[in-house]
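Working notes for the structure below.
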Amino acid sequence: MPKMKMPEVLENEYMDVAGPQAGRGHLVRLELSPRKVRAVLNGVSVADSRRVALLHETGHLPVYYFPKDDVRMDMLTRTEHSSHCPFKGDATYWSIEVPDRVAENAVWGYENPISDASELSNYVAFYWSKLDSWFEEDDEVFVHARDPYTRVDVLHSSRHVRVVLSGETVADTIRPRLLFETGLPTRYYLPRADVRMELLQPTATSSRCPYKGIASYYSAEVSGQTHEDIAWTYDAPIPECPKIESLVCFFNEKVDELWVDDKRQERPDTHWA
């Protein structure tokens, strides 16, 4: 792997700070990111860096670690809170204080990490949800840092997709768009003209995805039964994912039946099930 000229941060483009030797194949990898990343609280950029590192750890979402020189450490107040990780060491915590706002224990760092993770001493990380907004370059990012090893592909298809709720077909199409996202079941996005939209009612629920944008939800009233937040749509997906705009997708995990090319699909086992 080629080296990068950033000796004060990391010597190599990536390194395993704890590998299989740490026990049960647990991997902790710190990898330089080419993206400029900014974290904002109450209008103040408390971290702004062109040399962040992305920490990949078994069983966890990726986390941005910022060099301390690129963080407004003058706005951080050390607290008494602490935690321990067997693969990184003891973590110290700070609260962020900006005009009119305090985010308690929003920042952590390993000032004296275990020897295998010594490079972490140069960094601090932020709880994503305790900041108001995050930006990669000048695009806002939601929920968590984007994983460069996650793909989202949307493909036009002529498969026959049919969705059944309470014994009734609520969607039937031969022109779906199939969304393939790393680690998740295939999602079938359907044209509204092929969905019985009269059975769907918009709800107040919304969710955010770092790879697709902001989704709004529908419940379905079918044969006297209510299926809460059974489907969703992206009316304005991020520019990288335009093919799903205004299409409707039903939860594979929650519908009574999902048929693809006349074959009933098994319900996937996910945290939405």
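Going through the structure tokens in order, the chains are called A, B, and so on, while each chain numbers its residues from 1 and the ligands are numbered from 1 in the order shown.
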Would you tabulate, counting only C-alpha atoms, all residues of region 130-232 of chain A that have an atom at most 8 Å from an atom of region 243-267 of chain A, showing the closest pair of atoms and their distance in Å to one decimal, sorted by chain then ascending number, as a tab-separated table?
residue	atom	partner	partner_atom	distance
A:Val154	CA	A:Lys243	CA	6.6
A:Arg159	CA	A:Asp261	CA	5.8
A:His160	CA	A:Asp261	CA	4.7
A:Val161	CA	A:Val260	CA	4.6
A:Arg162	CA	A:Trp259	CA	5.0
A:Val163	CA	A:Leu258	CA	4.8
A:Val164	CA	A:Glu257	CA	4.9
A:Leu165	CA	A:Asp256	CA	5.2
A:Ser166	CA	A:Asp256	CA	6.8
A:Gly167	CA	A:Asp256	CA	7.8
A:Arg177	CA	A:Ile244	CA	7.3
A:Arg187	CA	A:Cys249	CA	6.9
A:Tyr188	CA	A:Cys249	CA	5.8
A:Tyr189	CA	A:Cys249	CA	4.6
A:Leu190	CA	A:Val248	CA	5.0
A:Pro191	CA	A:Leu247	CA	5.1
A:Arg192	CA	A:Leu247	CA	6.1
A:Val195	CA	A:Val248	CA	7.8
A:Ile230	CA	A:Phe250	CA	5.8
A:Ala231	CA	A:Phe250	CA	4.1
A:Trp232	CA	A:Cys249	CA	5.4
Would you write out those residues with N, CA and C atoms, as an mmCIF file, in the first residue's frame?
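As a result, part-v6.cif now contains:
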data_model
loop_
_atom_site.group_PDB
_atom_site.id
_atom_site.type_symbol
_atom_site.label_atom_id
_atom_site.label_comp_id
_atom_site.auth_asym_id
_atom_site.auth_seq_id
_atom_site.Cartn_x
_atom_site.Cartn_y
_atom_site.Cartn_z
ATOM 1 N N VAL A 154 -28.692 0.903 -8.263
ATOM 2 C CA VAL A 154 -30.104 0.851 -8.639
ATOM 3 C C VAL A 154 -30.182 0.456 -10.103
ATOM 4 N N ARG A 159 -38.504 -7.647 -13.979
ATOM 5 C CA ARG A 159 -39.068 -8.686 -13.114
ATOM 6 C C ARG A 159 -40.502 -8.339 -12.732
ATOM 7 N N HIS A 160 -41.279 -9.374 -12.522
ATOM 8 C CA HIS A 160 -42.667 -9.194 -12.078
ATOM 9 C C HIS A 160 -42.681 -9.180 -10.554
ATOM 10 N N VAL A 161 -43.014 -8.038 -9.984
ATOM 11 C CA VAL A 161 -43.027 -7.890 -8.524
ATOM 12 C C VAL A 161 -44.453 -7.624 -8.078
ATOM 13 N N ARG A 162 -44.877 -8.372 -7.063
ATOM 14 C CA ARG A 162 -46.232 -8.215 -6.534
ATOM 15 C C ARG A 162 -46.164 -8.205 -5.018
ATOM 16 N N VAL A 163 -46.890 -7.245 -4.399
ATOM 17 C CA VAL A 163 -46.908 -7.090 -2.944
ATOM 18 C C VAL A 163 -48.327 -7.354 -2.454
ATOM 19 N N VAL A 164 -48.438 -8.198 -1.415
ATOM 20 C CA VAL A 164 -49.739 -8.590 -0.876
ATOM 21 C C VAL A 164 -49.822 -8.212 0.597
ATOM 22 N N LEU A 165 -50.927 -7.524 0.968
ATOM 23 C CA LEU A 165 -51.213 -7.192 2.361
ATOM 24 C C LEU A 165 -52.646 -7.615 2.671
ATOM 25 N N SER A 166 -52.822 -8.288 3.773
ATOM 26 C CA SER A 166 -54.158 -8.720 4.222
ATOM 27 C C SER A 166 -54.939 -9.397 3.102
ATOM 28 N N GLY A 167 -54.232 -10.190 2.312
ATOM 29 C CA GLY A 167 -54.890 -10.962 1.256
ATOM 30 C C GLY A 167 -55.140 -10.203 -0.033
ATOM 31 N N ARG A 177 -37.520 -0.961 -10.082
ATOM 32 C CA ARG A 177 -36.096 -0.662 -10.016
ATOM 33 C C ARG A 177 -35.564 -1.336 -8.765
ATOM 34 N N ARG A 187 -34.050 -4.301 -2.367
ATOM 35 C CA ARG A 187 -35.261 -3.495 -2.216
ATOM 36 C C ARG A 187 -35.867 -3.259 -3.597
ATOM 37 N N TYR A 188 -37.205 -3.346 -3.660
ATOM 38 C CA TYR A 188 -37.928 -3.215 -4.914
ATOM 39 C C TYR A 188 -38.683 -1.886 -4.904
ATOM 40 N N TYR A 189 -38.216 -0.958 -5.721
ATOM 41 C CA TYR A 189 -38.844 0.360 -5.824
ATOM 42 C C TYR A 189 -39.809 0.341 -7.006
ATOM 43 N N LEU A 190 -41.067 0.728 -6.730
ATOM 44 C CA LEU A 190 -42.154 0.512 -7.679
ATOM 45 C C LEU A 190 -42.755 1.838 -8.145
ATOM 46 N N PRO A 191 -43.093 1.958 -9.429
ATOM 47 C CA PRO A 191 -43.774 3.166 -9.910
ATOM 48 C C PRO A 191 -45.113 3.349 -9.204
ATOM 49 N N ARG A 192 -45.428 4.578 -8.843
ATOM 50 C CA ARG A 192 -46.683 4.834 -8.142
ATOM 51 C C ARG A 192 -47.891 4.401 -8.962
ATOM 52 N N VAL A 195 -48.907 1.012 -8.020
ATOM 53 C CA VAL A 195 -49.214 0.819 -6.598
ATOM 54 C C VAL A 195 -50.618 1.357 -6.338
ATOM 55 N N ILE A 230 -45.442 0.936 6.394
ATOM 56 C CA ILE A 230 -45.130 -0.279 5.648
ATOM 57 C C ILE A 230 -44.304 0.005 4.395
ATOM 58 N N ALA A 231 -44.323 1.265 3.940
ATOM 59 C CA ALA A 231 -43.626 1.611 2.702
ATOM 60 C C ALA A 231 -43.017 2.998 2.840
ATOM 61 N N TRP A 232 -42.084 3.278 1.947
ATOM 62 C CA TRP A 232 -41.435 4.587 1.995
ATOM 63 C C TRP A 232 -41.108 5.060 0.587
#
Report task. Quick one: everything within 10 Å of Glu104 (chain A), counting only C-alpha atoms, minus sequence neighbours fewer than 6 positions away in the same chain. Send it as a list in words. Result ->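 After dropping sequence-adjacent residues, the list is Leu76, Thr77, Arg78, Thr79, His81, Tyr93, Trp94, Ser95, Ile96, Glu97 and Lys130 of chain A.
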**Report entry** Shell around Ser207 (chain A) at 10 Å using only C-alpha atoms, local window under 2 positions removed, as a ChimeraX atom specification
**Finding:** /A:142-143,205,209,213-217,232,234
Selection above as a file: N, CA and C atoms, as a JSON list (two decimals), in the first residue's frame:
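See out_11.json below for the written result:
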[["chain", "number", "residue", "atom", "x", "y", "z"],
["A", 142, "PHE", "N", -26.04, 12.36, 6.39],
["A", 142, "PHE", "CA", -26.94, 12.02, 7.48],
["A", 142, "PHE", "C", -26.55, 10.70, 8.14],
["A", 143, "VAL", "N", -26.88, 10.58, 9.42],
["A", 143, "VAL", "CA", -26.88, 9.32, 10.21],
["A", 143, "VAL", "C", -25.49, 8.87, 10.65],
["A", 205, "THR", "N", -43.74, 9.92, 9.89],
["A", 205, "THR", "CA", -42.44, 9.27, 10.04],
["A", 205, "THR", "C", -41.50, 9.66, 8.91],
["A", 209, "CYS", "N", -30.83, 8.45, 5.37],
["A", 209, "CYS", "CA", -29.83, 7.47, 4.94],
["A", 209, "CYS", "C", -28.64, 8.23, 4.37],
["A", 213, "GLY", "N", -30.62, 9.67, 1.21],
["A", 213, "GLY", "CA", -31.25, 10.93, 1.56],
["A", 213, "GLY", "C", -32.33, 10.79, 2.61],
["A", 214, "ILE", "N", -33.38, 11.61, 2.51],
["A", 214, "ILE", "CA", -34.47, 11.63, 3.49],
["A", 214, "ILE", "C", -35.69, 10.91, 2.91],
["A", 215, "ALA", "N", -36.18, 9.92, 3.66],
["A", 215, "ALA", "CA", -37.34, 9.13, 3.24],
["A", 215, "ALA", "C", -38.57, 9.54, 4.04],
["A", 216, "SER", "N", -39.72, 9.54, 3.37],
["A", 216, "SER", "CA", -41.01, 9.70, 4.06],
["A", 216, "SER", "C", -41.79, 8.40, 3.92],
["A", 217, "TYR", "N", -42.77, 8.18, 4.81],
["A", 217, "TYR", "CA", -43.38, 6.87, 4.95],
["A", 217, "TYR", "C", -44.89, 6.89, 4.72],
["A", 232, "TRP", "N", -42.08, 3.28, 1.95],
["A", 232, "TRP", "CA", -41.44, 4.59, 1.99],
["A", 232, "TRP", "C", -41.11, 5.06, 0.59],
["A", 234, "TYR", "N", -38.49, 8.26, -1.53],
["A", 234, "TYR", "CA", -37.54, 9.37, -1.51],
["A", 234, "TYR", "C", -37.99, 10.37, -2.58]]
Requested in this report: Pick out the residues sitting within 9 Å of His144 (chain A), and hand them over as a list of chain:residue names; count only C-alpha atoms, and ignore anything fewer than 3 positions along from it in its own chain.
Outcome: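 Final neighbour list, sorted by chain and number: A:Leu61, A:Pro62, A:Val63, A:Tyr64, A:Trp128, A:Ser129, A:Trp134, A:Val141, A:Asp147, A:Cys209, A:Pro210.
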Query raised in the report: Please, what distance in Å, to one decimal, runs between CA of Met197 (chain A) and CA of Ala220 (chain A)?
Result: 8.9 Å
Report task. Identify, with DSSP run on backbone atoms, the residues in region 66-266 of chain A assigned to strand (DSSP E or B), and express the list as a ChimeraX atom specification. Result -> /A:66-67,71,76-85,89-98,101-109,123-126,133-136,139-141,152-156,161-165,168-173,177-181,187-190,195,200-209,213-222,225-234,245,248-250,257-260,263-264
Residues of the last selection are to be written out with C-alpha atoms, as a CSV table (one decimal), in the first residue's frame.
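See selection-v2.csv below for the written result:
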chain,number,residue,atom,x,y,z
A,66,PHE,CA,-10.2,14.2,13.6
A,67,PRO,CA,-6.7,15.3,14.3
A,71,VAL,CA,-10.8,20.6,16.3
A,76,LEU,CA,-14.2,21.4,24.6
A,77,THR,CA,-14.4,20.9,28.4
A,78,ARG,CA,-13.1,17.6,29.8
A,79,THR,CA,-15.6,15.7,31.9
A,80,GLU,CA,-15.4,12.9,34.5
A,81,HIS,CA,-17.0,10.4,32.1
A,82,SER,CA,-14.8,7.5,30.8
A,83,SER,CA,-15.2,4.2,29.1
A,84,HIS,CA,-12.9,1.3,28.3
A,85,CYS,CA,-12.4,-0.6,25.0
A,89,GLY,CA,-7.9,1.5,25.7
A,90,ASP,CA,-9.5,4.0,28.1
A,91,ALA,CA,-11.4,6.8,26.5
A,92,THR,CA,-11.6,10.4,27.8
A,93,TYR,CA,-14.7,12.5,27.2
A,94,TRP,CA,-15.3,16.2,26.6
A,95,SER,CA,-18.5,18.3,26.3
A,96,ILE,CA,-18.8,21.0,23.6
A,97,GLU,CA,-19.7,24.5,24.7
A,98,VAL,CA,-20.7,26.9,22.0
A,101,ARG,CA,-25.6,25.3,23.4
A,102,VAL,CA,-23.8,22.6,25.4
A,103,ALA,CA,-23.5,19.0,24.1
A,104,GLU,CA,-22.6,16.8,27.0
A,105,ASN,CA,-20.0,14.1,26.6
A,106,ALA,CA,-20.2,14.6,22.8
A,107,VAL,CA,-16.5,14.0,22.1
A,108,TRP,CA,-14.1,11.2,23.1
A,109,GLY,CA,-10.5,10.3,22.5
A,123,TYR,CA,-7.3,12.1,17.4
A,124,VAL,CA,-10.7,12.7,18.8
A,125,ALA,CA,-14.2,11.6,17.6
A,126,PHE,CA,-17.7,13.0,17.9
A,133,SER,CA,-25.0,18.7,11.0
A,134,TRP,CA,-22.2,17.0,9.2
A,135,PHE,CA,-20.6,17.7,5.8
A,136,GLU,CA,-18.4,15.7,3.5
A,139,ASP,CA,-22.6,18.0,0.9
A,140,GLU,CA,-24.6,17.3,4.0
A,141,VAL,CA,-24.4,13.7,5.2
A,152,VAL,CA,-25.7,1.3,-3.6
A,153,ASP,CA,-26.7,0.2,-7.1
A,154,VAL,CA,-30.1,0.9,-8.6
A,155,LEU,CA,-30.9,-1.2,-11.7
A,156,HIS,CA,-33.9,-1.1,-14.1
A,161,VAL,CA,-43.0,-7.9,-8.5
A,162,ARG,CA,-46.2,-8.2,-6.5
A,163,VAL,CA,-46.9,-7.1,-2.9
A,164,VAL,CA,-49.7,-8.6,-0.9
A,165,LEU,CA,-51.2,-7.2,2.4
A,168,GLU,CA,-55.0,-8.1,-1.3
A,169,THR,CA,-52.5,-7.2,-4.0
A,170,VAL,CA,-51.5,-3.6,-3.3
A,171,ALA,CA,-48.7,-3.4,-5.9
A,172,ASP,CA,-48.1,-5.2,-9.1
A,173,THR,CA,-45.5,-4.2,-11.7
A,177,ARG,CA,-36.1,-0.7,-10.0
A,178,LEU,CA,-34.0,-2.9,-7.8
A,179,LEU,CA,-31.8,-1.4,-5.2
A,180,PHE,CA,-28.8,-3.4,-4.1
A,181,GLU,CA,-27.1,-2.1,-1.0
A,187,ARG,CA,-35.3,-3.5,-2.2
A,188,TYR,CA,-37.9,-3.2,-4.9
A,189,TYR,CA,-38.8,0.4,-5.8
A,190,LEU,CA,-42.2,0.5,-7.7
A,195,VAL,CA,-49.2,0.8,-6.6
A,200,LEU,CA,-51.7,4.3,1.4
A,201,GLN,CA,-51.7,7.2,3.8
A,202,PRO,CA,-48.7,9.5,4.4
A,203,THR,CA,-47.4,9.4,8.0
A,204,ALA,CA,-45.3,11.8,10.0
A,205,THR,CA,-42.4,9.3,10.0
A,206,SER,CA,-39.2,10.1,8.3
A,207,SER,CA,-35.7,8.6,8.2
A,208,ARG,CA,-32.4,9.5,6.9
A,209,CYS,CA,-29.8,7.5,4.9
A,213,GLY,CA,-31.2,10.9,1.6
A,214,ILE,CA,-34.5,11.6,3.5
A,215,ALA,CA,-37.3,9.1,3.2
A,216,SER,CA,-41.0,9.7,4.1
A,217,TYR,CA,-43.4,6.9,5.0
A,218,TYR,CA,-46.8,5.5,4.3
A,219,SER,CA,-49.2,3.3,6.3
A,220,ALA,CA,-51.7,1.0,4.5
A,221,GLU,CA,-55.3,0.4,5.2
A,222,VAL,CA,-56.3,-2.9,3.7
A,225,GLN,CA,-56.2,-3.7,9.0
A,226,THR,CA,-53.7,-1.0,9.4
A,227,HIS,CA,-50.1,-1.7,8.4
A,228,GLU,CA,-48.0,1.1,10.0
A,229,ASP,CA,-45.1,2.6,8.1
A,230,ILE,CA,-45.1,-0.3,5.6
A,231,ALA,CA,-43.6,1.6,2.7
A,232,TRP,CA,-41.4,4.6,2.0
A,233,THR,CA,-40.3,6.9,-0.8
A,234,TYR,CA,-37.5,9.4,-1.5
A,245,GLU,CA,-37.0,9.4,-7.0
A,248,VAL,CA,-42.5,3.4,-3.6
A,249,CYS,CA,-40.8,0.6,-1.7
A,250,PHE,CA,-42.4,-1.8,0.7
A,257,GLU,CA,-46.3,-11.7,0.8
A,258,LEU,CA,-43.7,-10.5,-1.7
A,259,TRP,CA,-43.6,-12.2,-5.1
A,260,VAL,CA,-40.9,-11.8,-7.7
A,263,LYS,CA,-41.9,-16.9,-6.7
A,264,ARG,CA,-42.8,-16.0,-3.1
Query raised in the report: Could you state the separation of CA of Lys68 (chain A) and CA of Lys88 (chain A) in Å, given to one decimal place?
Result: 17.5 Å
Requested in this report: Write down as a PyMOL selection string the residues of region 3-178 of chain A whose backbone DSSP state falls under helix (DSSP H, G or I).
Outcome: chain A and resi 20-22+68-70+73-75+115-122+128-130
Report task. Rank nothing, just name the residue among A:Ala53, A:Ala39, A:Ala145, A:Leu27 nearest to Phe87 (chain A), using only C-alpha atoms. Result ->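 Residue with the minimum atom-to-atom distance to Phe87 (chain A): A:Leu27.
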Report summary line: For Arg50 (chain A), the closest of A:Arg29, A:Lys36, A:Arg151, A:Lys212 counting only C-alpha atoms is A:Lys36
